[in-house]
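S.K.: Just so it is clear, I am handing over model_9.txt, which has compact mmCIF, C-alpha atoms (C1' of nucleotides).
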# COMPACT_ATOMS: atom_id res chain seq x y z
CA MET V 1 -37.32 -2.70 -8.44
CA LEU V 2 -37.42 -6.44 -8.83
CA SER V 3 -40.64 -6.21 -10.82
CA SER V 4 -38.30 -5.43 -13.69
CA CYS V 5 -37.60 -9.15 -13.79
CA LEU V 6 -40.60 -9.52 -16.01
CA ILE V 7 -39.84 -6.89 -18.58
CA ASN V 8 -36.96 -5.71 -20.71
CA ARG V 9 -35.90 -9.15 -21.72
CA TYR V 10 -33.44 -10.45 -24.26
CA TRP V 11 -32.76 -13.76 -25.91
CA GLY V 12 -29.78 -15.87 -24.99
CA GLN V 13 -29.55 -19.57 -25.82
CA GLY V 14 -33.30 -19.70 -26.12
CA VAL V 15 -33.95 -18.40 -22.63
CA VAL V 16 -35.18 -14.95 -21.70
CA TYR V 17 -33.42 -12.91 -19.05
CA SER V 18 -34.04 -9.47 -17.66
CA THR V 19 -31.15 -7.11 -16.99
CA VAL V 20 -31.57 -7.69 -13.28
CA ASP V 21 -31.29 -11.44 -13.82
CA LYS V 22 -28.19 -10.95 -15.92
CA ILE V 23 -26.57 -8.77 -13.27
CA ILE V 24 -27.25 -11.33 -10.57
CA GLU V 25 -26.10 -14.20 -12.76
CA VAL V 26 -22.80 -12.54 -13.65
CA ALA V 27 -22.26 -11.33 -10.11
CA GLU V 28 -22.88 -14.78 -8.68
CA LEU V 29 -20.23 -16.33 -10.88
CA GLN V 30 -17.80 -13.62 -9.88
CA ALA V 31 -18.54 -14.04 -6.19
CA ARG V 32 -18.18 -17.80 -6.43
CA ALA V 33 -14.65 -17.29 -7.73
CA GLY V 34 -13.33 -14.54 -5.49
CA GLY V 35 -15.92 -13.79 -2.83
CA TYR V 36 -17.78 -10.60 -2.00
CA SER V 37 -14.73 -8.38 -2.22
CA ALA V 38 -14.05 -9.60 -5.75
CA LEU V 39 -17.39 -8.23 -6.92
CA SER V 40 -16.80 -5.22 -9.12
CA PHE V 41 -19.60 -3.06 -10.50
CA ARG V 42 -17.48 -2.15 -13.50
CA VAL V 43 -16.60 -5.73 -14.38
CA ILE V 44 -20.18 -6.91 -13.92
CA ALA V 45 -21.45 -4.02 -16.03
CA LYS V 46 -19.04 -4.78 -18.85
CA GLN V 47 -20.10 -8.43 -18.98
CA VAL V 48 -23.79 -7.55 -18.86
CA GLY V 49 -23.36 -4.86 -21.48
CA ILE V 50 -24.38 -1.81 -19.50
CA LYS V 51 -22.56 0.89 -17.51
CA SER V 52 -21.61 0.47 -13.88
CA ALA V 53 -23.80 3.38 -12.82
CA SER V 54 -26.81 1.52 -14.18
CA ILE V 55 -26.34 -1.28 -11.69
CA HIS V 56 -27.04 1.22 -8.94
CA TYR V 57 -30.46 1.75 -10.49
CA HIS V 58 -31.32 -1.86 -9.71
CA PHE V 59 -29.25 -2.30 -6.55
CA ALA V 60 -28.65 0.84 -4.53
CA THR V 61 -25.50 -0.45 -2.85
CA LYS V 62 -23.06 -3.30 -3.25
CA ALA V 63 -24.46 -4.86 -0.09
CA ASP V 64 -27.91 -4.96 -1.68
CA LEU V 65 -26.49 -6.75 -4.69
CA GLY V 66 -24.70 -9.22 -2.43
CA VAL V 67 -27.90 -9.98 -0.54
CA ALA V 68 -29.81 -10.45 -3.80
CA ILE V 69 -27.25 -12.95 -5.04
CA ALA V 70 -27.35 -14.90 -1.80
CA HIS V 71 -31.14 -14.93 -1.75
CA ARG V 72 -31.45 -16.22 -5.30
CA TYR V 73 -28.74 -18.81 -4.67
CA THR V 74 -30.49 -20.04 -1.54
CA ALA V 75 -33.90 -20.08 -3.22
CA ARG V 76 -32.61 -22.14 -6.15
CA PHE V 77 -30.83 -24.52 -3.81
CA GLU V 78 -33.98 -24.90 -1.74
CA GLN V 79 -36.01 -25.69 -4.83
CA LYS V 80 -33.60 -28.44 -5.77
CA LEU V 81 -33.83 -29.87 -2.26
CA LEU V 82 -37.61 -29.90 -2.37
CA ARG V 83 -37.64 -31.61 -5.74
CA LEU V 84 -35.07 -34.08 -4.44
CA ALA V 85 -37.25 -35.01 -1.49
CA GLU V 86 -40.23 -35.40 -3.80
CA HIS V 87 -38.54 -37.69 -6.28
CA SER V 88 -36.46 -39.74 -3.86
CA ALA V 89 -38.03 -41.53 -0.95
CA GLN V 90 -34.94 -43.41 0.20
CA PRO V 91 -32.54 -41.45 2.43
CA SER V 92 -29.61 -42.95 0.53
CA ASP V 93 -30.99 -41.64 -2.75
CA ARG V 94 -31.50 -38.25 -1.21
CA LEU V 95 -27.91 -38.24 0.01
CA GLU V 96 -26.81 -39.12 -3.49
CA GLY V 97 -28.77 -36.19 -4.88
CA TYR V 98 -27.38 -33.85 -2.26
CA ILE V 99 -23.83 -34.97 -2.97
CA ALA V 100 -24.45 -34.35 -6.68
CA LEU V 101 -25.05 -30.67 -5.99
CA PHE V 102 -21.51 -30.26 -4.66
CA VAL V 103 -19.90 -32.47 -7.27
CA GLU V 104 -21.64 -30.41 -9.92
CA ALA V 105 -20.26 -27.20 -8.45
CA LEU V 106 -16.74 -28.61 -8.67
CA THR V 107 -16.85 -30.41 -12.00
CA VAL V 108 -19.40 -28.46 -14.05
CA ASP V 109 -19.32 -24.90 -12.70
CA LYS V 110 -15.76 -25.28 -11.48
CA LYS V 111 -16.69 -22.83 -8.77
CA MET V 112 -17.11 -22.77 -5.01
CA CYS V 113 -20.47 -22.90 -3.31
CA LEU V 114 -21.49 -19.24 -3.12
CA CYS V 115 -22.34 -19.35 0.55
CA GLY V 116 -19.25 -21.39 1.31
CA ILE V 117 -16.99 -18.68 0.04
CA LEU V 118 -19.09 -15.91 1.59
CA ALA V 119 -19.03 -17.73 4.91
CA ALA V 120 -15.25 -17.76 4.83
CA GLU V 121 -15.12 -13.98 4.81
CA SER V 122 -18.24 -13.49 6.92
CA ASP V 123 -16.32 -11.38 9.44
CA VAL V 124 -16.04 -8.53 6.95
CA LEU V 125 -19.41 -8.82 5.22
CA PRO V 126 -22.28 -6.34 5.59
CA GLU V 127 -24.59 -7.52 8.33
CA ALA V 128 -27.53 -8.15 6.02
CA LEU V 129 -25.39 -10.39 3.85
CA GLN V 130 -24.09 -12.27 6.88
CA ARG V 131 -27.67 -13.06 7.79
CA ALA V 132 -28.48 -14.20 4.26
CA VAL V 133 -25.53 -16.61 4.28
CA LYS V 134 -26.55 -17.93 7.68
CA VAL V 135 -30.01 -18.72 6.32
CA PHE V 136 -28.48 -20.84 3.56
CA PHE V 137 -26.78 -23.06 6.09
CA GLU V 138 -29.86 -23.29 8.27
CA VAL V 139 -31.96 -24.33 5.30
CA ASN V 140 -29.48 -27.03 4.33
CA VAL V 141 -29.05 -28.42 7.81
CA ALA V 142 -32.80 -28.47 8.40
CA TRP V 143 -33.39 -30.34 5.15
CA LEU V 144 -30.64 -32.88 5.78
CA GLN V 145 -31.90 -33.44 9.29
CA GLY V 146 -35.46 -34.09 8.18
CA ALA V 147 -34.97 -35.72 4.81
CA LEU V 148 -32.00 -37.95 5.56
CA PHE V 149 -31.82 -38.63 9.27
CA ALA V 150 -35.40 -38.15 10.40
CA ASP V 151 -35.54 -40.94 12.94
CA GLN V 152 -31.94 -41.03 14.06
CA PRO V 153 -30.93 -39.90 17.51
CA GLN V 154 -28.09 -37.69 16.28
CA ALA V 155 -29.88 -36.31 13.25
CA LYS V 156 -28.66 -32.76 13.64
CA ALA V 157 -25.06 -33.78 14.21
CA GLN V 158 -25.23 -36.00 11.12
CA ALA V 159 -26.62 -33.12 9.11
CA PHE V 160 -23.79 -30.86 10.26
CA LEU V 161 -21.25 -33.52 9.34
CA VAL V 162 -22.60 -34.09 5.84
CA MET V 163 -22.75 -30.41 4.98
CA ALA V 164 -19.48 -29.46 6.65
CA SER V 165 -17.55 -32.28 5.04
CA LEU V 166 -18.93 -31.47 1.58
CA GLU V 167 -18.20 -27.76 1.92
CA GLY V 168 -14.74 -28.51 3.23
CA ALA V 169 -14.02 -31.12 0.58
CA LEU V 170 -15.10 -28.71 -2.14
CA LEU V 171 -12.69 -26.17 -0.68
CA MET V 172 -9.86 -28.69 -0.65
CA SER V 173 -10.55 -30.04 -4.12
CA LYS V 174 -10.55 -26.55 -5.62
CA THR V 175 -7.26 -25.66 -3.98
CA MET V 176 -5.49 -28.97 -4.46
CA GLN V 177 -6.68 -29.04 -8.06
CA THR V 178 -7.90 -32.61 -7.87
CA ASP V 179 -11.29 -34.25 -7.42
CA ALA V 180 -9.83 -36.66 -4.90
CA PRO V 181 -10.85 -34.94 -1.65
CA LEU V 182 -14.47 -34.50 -2.69
CA GLN V 183 -14.73 -37.96 -4.25
CA GLN V 184 -13.20 -39.71 -1.27
CA VAL V 185 -15.35 -37.83 1.20
CA CYS V 186 -18.46 -38.72 -0.81
CA LYS V 187 -17.44 -42.36 -0.78
CA LEU V 188 -17.12 -42.42 3.00
CA LEU V 189 -20.39 -40.55 3.49
CA ARG V 190 -22.20 -43.17 1.40
CA GLN V 191 -20.63 -45.95 3.46
CA ASP V 192 -21.02 -44.57 6.92
CA CYS V 193 -24.25 -42.66 7.06
CA TRP V 194 -26.49 -45.65 7.72
CA GLN V 195 -24.15 -48.51 8.39
CA MET A 1 15.86 -9.73 3.76
CA LEU A 2 14.57 -12.22 6.27
CA SER A 3 17.83 -12.06 8.19
CA SER A 4 16.29 -8.96 9.69
CA CYS A 5 14.28 -11.28 11.89
CA LEU A 6 17.20 -11.34 14.26
CA ILE A 7 17.81 -7.65 14.62
CA ASN A 8 15.93 -4.49 15.35
CA ARG A 9 13.78 -6.01 18.04
CA TYR A 10 11.36 -4.55 20.55
CA TRP A 11 9.70 -5.76 23.73
CA GLY A 12 6.03 -6.64 23.92
CA GLN A 13 4.59 -8.71 26.76
CA GLY A 14 8.00 -10.14 27.50
CA VAL A 15 8.52 -11.48 23.98
CA VAL A 16 10.80 -10.06 21.34
CA TYR A 17 9.55 -9.45 17.82
CA SER A 18 11.18 -8.04 14.75
CA THR A 19 9.30 -5.67 12.49
CA VAL A 20 8.97 -8.44 9.92
CA ASP A 21 7.40 -10.70 12.53
CA LYS A 22 4.99 -7.98 13.52
CA ILE A 23 3.96 -7.38 9.92
CA ILE A 24 3.31 -11.07 9.35
CA GLU A 25 1.46 -11.41 12.65
CA VAL A 26 -0.85 -8.48 11.99
CA ALA A 27 -1.35 -9.49 8.38
CA GLU A 28 -2.24 -13.05 9.34
CA LEU A 29 -4.97 -11.90 11.68
CA GLN A 30 -6.34 -9.63 8.98
CA ALA A 31 -6.28 -12.39 6.37
CA ARG A 32 -7.96 -14.82 8.73
CA ALA A 33 -10.86 -12.39 9.03
CA GLY A 34 -11.33 -11.24 5.47
CA GLY A 35 -9.01 -13.18 3.21
CA TYR A 36 -6.23 -12.07 0.91
CA SER A 37 -8.19 -9.21 -0.59
CA ALA A 38 -8.83 -7.77 2.87
CA LEU A 39 -5.10 -7.32 3.42
CA SER A 40 -4.26 -3.63 3.32
CA PHE A 41 -0.71 -2.32 3.50
CA ARG A 42 -1.95 0.89 5.10
CA VAL A 43 -3.94 -0.86 7.81
CA ILE A 44 -1.13 -3.29 8.57
CA ALA A 45 1.38 -0.43 8.70
CA LYS A 46 -0.76 1.56 11.11
CA GLN A 47 -1.08 -1.38 13.49
CA VAL A 48 2.62 -2.17 13.32
CA GLY A 49 3.57 1.48 13.78
CA ILE A 50 5.37 2.12 10.48
CA LYS A 51 4.43 3.57 7.10
CA SER A 52 2.92 1.47 4.35
CA ALA A 53 5.86 2.12 2.05
CA SER A 54 8.13 0.47 4.58
CA ILE A 55 6.34 -2.84 4.21
CA HIS A 56 7.56 -2.91 0.62
CA TYR A 57 11.08 -2.91 1.96
CA HIS A 58 10.45 -6.26 3.61
CA PHE A 59 7.97 -7.66 1.08
CA ALA A 60 8.34 -6.37 -2.45
CA THR A 61 4.74 -7.13 -3.40
CA LYS A 62 1.49 -8.04 -1.72
CA ALA A 63 1.81 -11.54 -3.15
CA ASP A 64 5.17 -11.93 -1.37
CA LEU A 65 3.56 -10.94 1.90
CA GLY A 66 0.74 -13.38 1.32
CA VAL A 67 3.15 -16.22 0.67
CA ALA A 68 5.14 -15.34 3.78
CA ILE A 69 2.01 -15.48 5.93
CA ALA A 70 0.99 -18.83 4.49
CA HIS A 71 4.46 -20.28 4.94
CA ARG A 72 4.69 -19.24 8.57
CA TYR A 73 1.18 -20.48 9.25
CA THR A 74 1.93 -23.85 7.69
CA ALA A 75 5.28 -24.15 9.48
CA ARG A 76 3.69 -23.47 12.88
CA PHE A 77 0.88 -25.89 12.17
CA GLU A 78 3.36 -28.54 11.12
CA GLN A 79 5.34 -28.06 14.34
CA LYS A 80 2.20 -28.61 16.39
CA LEU A 81 1.45 -31.78 14.44
CA LEU A 82 4.95 -33.13 15.02
CA ARG A 83 4.74 -32.42 18.73
CA LEU A 84 1.31 -34.01 18.82
CA ALA A 85 2.60 -37.22 17.27
CA GLU A 86 5.49 -37.26 19.74
CA HIS A 87 3.40 -36.84 22.86
CA SER A 88 0.43 -38.96 21.86
CA ALA A 89 0.86 -42.54 20.75
CA GLN A 90 -2.85 -43.43 20.53
CA PRO A 91 -4.62 -42.41 17.30
CA SER A 92 -7.63 -41.30 19.34
CA ASP A 93 -5.45 -38.96 21.37
CA ARG A 94 -3.93 -37.60 18.21
CA LEU A 95 -7.37 -36.96 16.77
CA GLU A 96 -8.27 -35.13 19.96
CA GLY A 97 -5.20 -32.96 19.60
CA TYR A 98 -5.95 -32.28 15.97
CA ILE A 99 -9.54 -31.35 16.74
CA ALA A 100 -8.28 -28.98 19.42
CA LEU A 101 -6.45 -26.95 16.79
CA PHE A 102 -9.72 -26.10 15.05
CA VAL A 103 -11.69 -25.58 18.23
CA GLU A 104 -8.97 -23.18 19.36
CA ALA A 105 -9.26 -21.21 16.14
CA LEU A 106 -12.99 -20.80 16.70
CA THR A 107 -13.13 -20.19 20.44
CA VAL A 108 -9.81 -18.52 21.25
CA ASP A 109 -8.73 -16.72 18.08
CA LYS A 110 -12.32 -16.38 16.87
CA LYS A 111 -10.88 -16.53 13.39
CA MET A 112 -10.93 -18.86 10.40
CA CYS A 113 -8.11 -21.19 9.53
CA LEU A 114 -5.85 -19.04 7.35
CA CYS A 115 -5.57 -21.58 4.59
CA GLY A 116 -9.26 -22.36 4.78
CA ILE A 117 -10.19 -18.82 3.94
CA LEU A 118 -7.44 -18.50 1.33
CA ALA A 119 -8.57 -21.75 -0.28
CA ALA A 120 -12.05 -20.33 -0.66
CA GLU A 121 -10.76 -17.52 -2.86
CA SER A 122 -7.98 -19.57 -4.44
CA ASP A 123 -9.26 -18.82 -7.94
CA VAL A 124 -8.19 -15.21 -7.66
CA LEU A 125 -4.97 -15.65 -5.68
CA PRO A 126 -1.46 -15.10 -7.07
CA GLU A 127 -0.11 -18.41 -8.27
CA ALA A 128 2.66 -18.61 -5.69
CA LEU A 129 0.11 -18.16 -2.92
CA GLN A 130 -2.13 -20.82 -4.40
CA ARG A 131 0.75 -23.24 -4.22
CA ALA A 132 1.51 -22.30 -0.62
CA VAL A 133 -2.09 -22.97 0.40
CA LYS A 134 -2.07 -26.28 -1.41
CA VAL A 135 0.99 -27.32 0.58
CA PHE A 136 -0.86 -26.67 3.82
CA PHE A 137 -3.57 -29.13 2.88
CA GLU A 138 -1.07 -31.71 1.66
CA VAL A 139 0.83 -31.50 4.93
CA ASN A 140 -2.32 -31.97 6.97
CA VAL A 141 -3.67 -34.87 4.92
CA ALA A 142 -0.31 -36.63 4.96
CA TRP A 143 -0.07 -36.28 8.72
CA LEU A 144 -3.62 -37.49 9.36
CA GLN A 145 -3.09 -40.41 7.03
CA GLY A 146 0.08 -41.54 8.75
CA ALA A 147 -0.55 -40.59 12.36
CA LEU A 148 -4.24 -41.52 12.67
CA PHE A 149 -5.10 -44.11 10.08
CA ALA A 150 -1.76 -45.76 9.37
CA ASP A 151 -2.99 -49.32 8.96
CA GLN A 152 -6.48 -48.70 7.66
CA PRO A 153 -7.43 -49.53 4.08
CA GLN A 154 -9.07 -46.16 3.42
CA ALA A 155 -6.52 -44.07 5.28
CA LYS A 156 -6.38 -41.28 2.74
CA ALA A 157 -10.15 -41.00 2.43
CA GLN A 158 -10.42 -40.86 6.22
CA ALA A 159 -7.81 -38.13 6.32
CA PHE A 160 -9.72 -36.11 3.73
CA LEU A 161 -12.93 -36.54 5.70
CA VAL A 162 -11.46 -35.42 9.01
CA MET A 163 -9.85 -32.32 7.57
CA ALA A 164 -12.72 -31.39 5.25
CA SER A 165 -15.34 -31.76 7.96
CA LEU A 166 -13.33 -29.67 10.42
CA GLU A 167 -12.65 -26.91 7.90
CA GLY A 168 -16.29 -26.95 6.85
CA ALA A 169 -17.58 -27.01 10.40
CA LEU A 170 -15.35 -24.08 11.32
CA LEU A 171 -16.82 -22.20 8.36
CA MET A 172 -20.35 -22.99 9.46
CA SER A 173 -19.79 -22.20 13.11
CA LYS A 174 -18.32 -18.81 12.27
CA THR A 175 -21.22 -17.89 10.02
CA MET A 176 -24.00 -19.35 12.12
CA GLN A 177 -22.48 -17.74 15.21
CA THR A 178 -22.70 -20.88 17.30
CA ASP A 179 -20.25 -23.57 18.32
CA ALA A 180 -22.81 -26.27 17.49
CA PRO A 181 -21.64 -27.30 14.02
CA LEU A 182 -18.01 -27.72 15.05
CA GLN A 183 -18.87 -29.38 18.36
CA GLN A 184 -21.30 -31.84 16.80
CA VAL A 185 -18.92 -32.71 13.99
CA CYS A 186 -16.15 -33.34 16.52
CA LYS A 187 -18.44 -35.60 18.48
CA LEU A 188 -19.24 -37.73 15.45
CA LEU A 189 -15.60 -37.89 14.40
CA ARG A 190 -14.66 -39.23 17.83
CA GLN A 191 -17.38 -41.87 17.61
CA ASP A 192 -16.95 -43.04 14.07
CA CYS A 193 -13.28 -42.92 13.24
CA TRP A 194 -12.41 -46.32 14.69
CA GLN A 195 -15.68 -47.99 15.46
C1' DC Y 1 -47.35 13.36 -18.59
C1' DA Y 2 -44.87 10.36 -15.83
C1' DA Y 3 -42.36 6.40 -14.82
C1' DT Y 4 -38.71 3.24 -16.39
C1' DG Y 5 -34.11 2.15 -17.61
C1' DC Y 6 -30.50 3.41 -19.09
C1' DC Y 7 -26.63 7.05 -20.07
C1' DT Y 8 -22.39 10.56 -19.18
C1' DA Y 9 -19.59 12.76 -16.10
C1' DT Y 10 -17.67 13.21 -11.92
C1' DC Y 11 -16.57 12.67 -6.90
C1' DT Y 12 -14.01 10.79 -3.00
C1' DT Y 13 -11.60 7.20 -1.13
C1' DC Y 14 -8.61 3.54 -1.09
C1' DC Y 15 -5.38 0.59 -3.25
C1' DG Y 16 -0.44 -1.27 -4.26
C1' DA Y 17 3.67 0.48 -5.86
C1' DT Y 18 7.68 3.58 -6.75
C1' DA Y 19 11.20 7.26 -6.38
C1' DG Y 20 14.16 9.36 -3.74
C1' DG Y 21 15.91 10.81 0.77
C1' DT Y 22 18.07 10.07 5.48
C1' DA Y 23 19.76 8.63 10.07
C1' DG Y 24 22.47 5.32 12.07
C1' DG Y 25 25.38 1.40 11.97
C1' DT Y 26 28.97 -1.61 9.86
C1' DT Y 27 32.88 -2.57 7.15
C1' DA Y 28 37.12 -2.00 4.68
C1' DG Y 29 41.19 0.21 3.20
C1' DA Y 30 45.00 3.66 3.70
C1' DT B 1 42.68 5.11 13.70
C1' DC B 2 40.46 7.89 10.55
C1' DT B 3 37.36 7.96 6.87
C1' DA B 4 35.00 6.78 2.73
C1' DA B 5 31.79 3.48 1.10
C1' DC B 6 28.10 0.84 1.96
C1' DC B 7 23.99 -1.33 4.19
C1' DT B 8 19.75 -1.39 6.91
C1' DA B 9 15.40 0.22 7.96
C1' DC B 10 12.84 3.28 7.79
C1' DC B 11 10.75 8.02 5.98
C1' DT B 12 7.92 11.60 2.72
C1' DA B 13 5.69 12.40 -1.39
C1' DT B 14 3.45 10.92 -5.14
C1' DC B 15 1.68 8.01 -8.95
C1' DG B 16 -1.91 5.60 -11.78
C1' DG B 17 -5.71 3.03 -11.30
C1' DA B 18 -9.83 1.03 -9.49
C1' DA B 19 -13.32 1.08 -6.20
C1' DG B 20 -18.42 2.43 -4.94
C1' DA B 21 -21.42 6.08 -5.23
C1' DT B 22 -24.07 10.26 -6.93
C1' DA B 23 -26.12 13.96 -9.86
C1' DG B 24 -28.34 15.01 -13.68
C1' DG B 25 -29.75 14.13 -18.54
C1' DC B 26 -32.24 11.59 -22.19
C1' DA B 27 -34.76 8.40 -24.72
C1' DT B 28 -38.63 4.98 -24.70
C1' DT B 29 -42.99 3.33 -23.20
C1' DG B 30 -47.69 3.16 -21.36
In structure tokens, how does this file's structure come out?

M.R.:
Amino acid sequence: MLSSCLINRYWGQGVVYSTVDKIIEVAELQARAGGYSALSFRVIAKQVGIKSASIHYHFATKADLGVAIAHRYTARFEQKLLRLAEHSAQPSDRLEGYIALFVEALTVDKKMCLCGILAAESDVLPEALQRAVKVFFEVNVAWLQGALFADQPQAKAQAFLVMASLEGALLMSKTMQTDAPLQQVCKLLRQDCWQ
Amino acid sequence: MLSSCLINRYWGQGVVYSTVDKIIEVAELQARAGGYSALSFRVIAKQVGIKSASIHYHFATKADLGVAIAHRYTARFEQKLLRLAEHSAQPSDRLEGYIALFVEALTVDKKMCLCGILAAESDVLPEALQRAVKVFFEVNVAWLQGALFADQPQAKAQAFLVMASLEGALLMSKTMQTDAPLQQVCKLLRQDCWQ
DNA sequence: CAATGCCTATCTTCCGATAGGTAGGTTAGA
DNA sequence: TCTAACCTACCTATCGGAAGATAGGCATTG
């Protein structure tokens, strides 16, 4: 099924995408705005340029699509974290790079973190998707713990605090329609993490 | 319409509720599990013991119901904050009381903060509901700023951090199915807020 | 020939919303 | 005080639309 990623491509802004990639891309943006329940096969299909029934060819059920989105989102995020650890040796630089991921979501994408919004409605998600979202948080916390607070006694707690405050601040900034919450939280994190 | 709160009551566990109260109560629990989109007139009606059409008598549209839930949630929260400020003079005690509100949501209700989950999907909410959710955050930040960090130079930033980290930690704890994120975040907040 | 990647057409289920009816209570005027 | 008018708080029945899902067909490609 996913082997189709390599064929049936089209040109868009100089980059090639398969239909599967397009479906996931469009679906991710939709989910980051309204969550899992806001995903609509018909709306996705219209934006991709196919019929809703065709999505079922690539993803048997809506839950499968949801899991695919979460997996790709987590994989991309993980790649960025690995690159970040490679290119920045200083914990403070790594924090800065991590913060940038959330600021980018707010100011560039103008969307929530996918797994943040999915986590909010995790009680009513298909079990497989719940697990996928959980993995995203575990990956993030593990990276923060190792890459930012390696030698500190409360490394895990610090990791939780950084991620929770950024997710929460993103939530607040979106709703309050101002950068202030996220910006202020970032400022305090920079000050306090290794004072 | 809302005058009906005072009539047509029934007994449940020694407390009187009107039909409107029951609708809002049931709807709030549903929204705190799956968000606005998970609200279903039919499901609410079944739990309340009336027909779905009857809900429209009390709330013309789903958006009206959503706003009513958010308003009541915010009003109750605000009452708790006022009482907290009355009974606790020390900022540290007030923080403890504030933390308890989120821990209670996780461990007793086993539900998200209503406005946390609504904020996540705020992009697709009716405008009136968006505004209601925004008010909840404003009320909380204003209270934290005045009651916990009154004389501190970065009072507002501190307020943002406390609320964002608690909302985020609640999100993470729900999804990761462990108290750890919320507990660890609380621990760090207690340590760092006035060191 | 067979697999791939779409299509059309259709199904059932659920959704919020509306129209119109009714039992029971309250109010107001003769 | 009787009664007509009205209000409250529901009800039944139904609407149009959107949801995910499925069956079966039809090109294109290797």

S.K.: Write out as a list in words which residues come within 10 Å of DT27 in chain Y when counting all atoms listed in the file, dropping same-chain ones fewer than 3 positions away.

M.R.: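 In the requested form, the answer reads DA5, DC6 and DC7 of chain B.
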
S.K.: Using only C-alpha atoms (C1' of nucleotides), select each residue of chain B with any atom at most 10 Å away from an atom of chain A, and give the selection as JSON, numbers by chain.

M.R.: {"B": [8, 9, 10, 11, 12]}

S.K.: Mind dumping the selected residues with C-alpha atoms (C1' of nucleotides) as a PDB file, in the coordinates of the input?

M.R.:
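Saved to part-v1.pdb:
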ATOM      1  C1'  DT B   8      19.750  -1.390   6.910  1.00  0.00           C
ATOM      2  C1'  DA B   9      15.400   0.220   7.960  1.00  0.00           C
ATOM      3  C1'  DC B  10      12.840   3.280   7.790  1.00  0.00           C
ATOM      4  C1'  DC B  11      10.750   8.020   5.980  1.00  0.00           C
ATOM      5  C1'  DT B  12       7.920  11.600   2.720  1.00  0.00           C
TER       6       DT B  12
END

S.K.: May I have the residues of chain Y within 10 Å of chain V, counting all atoms listed in the file, written as a compact mmCIF listing (two decimals) with C-alpha atoms (C1' of nucleotides), in the coordinates of the input?

M.R.:
# COMPACT_ATOMS: atom_id res chain seq x y z
C1' DT Y 4 -38.71 3.24 -16.39
C1' DG Y 5 -34.11 2.15 -17.61
C1' DC Y 6 -30.50 3.41 -19.09
C1' DC Y 7 -26.63 7.05 -20.07
C1' DT Y 8 -22.39 10.56 -19.18

S.K.: Enumerate as number ranges by chain the residues belonging to chain V that approach chain A to within 9 Å, with only C-alpha atoms taken into account.

M.R.: V: 32-35, 37-38, 111-112, 116-125, 130-131, 133-135, 137-138, 154, 156-158, 160-172, 174-177, 180-189, 192

S.K.: Between CA of Ala155 in chain A and CA of Asp93 in chain V, measure the distance and give it in Å to one decimal.

M.R.: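 A separation of 25.9 Å between them.
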
S.K.: Separation of C1' of DC15 in chain B and C1' of DT12 in chain Y, in Å?

M.R.: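 Going from C1' of DC15 in chain B over to C1' of DT12 in chain Y covers 17.0 Å.
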
S.K.: Mind pulling up the distance from CA of Glu127 in chain A to CA of Ile24 in chain V?

M.R.: 28.1 Å

S.K.: Have a look at V:Leu144, V:Leu29, V:Leu95, V:Val20 and name the one nearest to His56 in chain V; count all atoms listed in the file.

M.R.: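 Selected residue with least distance to His56 in chain V: V:Val20.
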
S.K.: Which residues, written as a PDB file with C-alpha atoms (C1' of nucleotides), keeping the file's coordinate frame, have at least one atom at most 8 Å from range 19-28 of chain B, with only C-alpha atoms (C1' of nucleotides) counted and residues fewer than 3 positions away on the same chain left out?

M.R.:
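Listed below is the output, around.pdb:
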ATOM      1  CA  SER V  40     -16.800  -5.220  -9.120  1.00  0.00           C
ATOM      2  CA  PHE V  41     -19.600  -3.060 -10.500  1.00  0.00           C
ATOM      3  CA  THR V  61     -25.500  -0.450  -2.850  1.00  0.00           C
ATOM      4  CA  LYS V  62     -23.060  -3.300  -3.250  1.00  0.00           C
TER       5      LYS V  62
ATOM      6  C1'  DC Y   7     -26.630   7.050 -20.070  1.00  0.00           C
ATOM      7  C1'  DC Y  11     -16.570  12.670  -6.900  1.00  0.00           C
ATOM      8  C1'  DC Y  14      -8.610   3.540  -1.090  1.00  0.00           C
TER       9       DC Y  14
END

S.K.: Between V:Glu104, V:Ile23, V:Thr74, V:Arg42, which one has atoms that come closest to DA18 in chain B, using only C-alpha atoms (C1' of nucleotides)?

M.R.: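 With only C-alpha atoms (C1' of nucleotides) as the atom set, the closest residue is V:Arg42.
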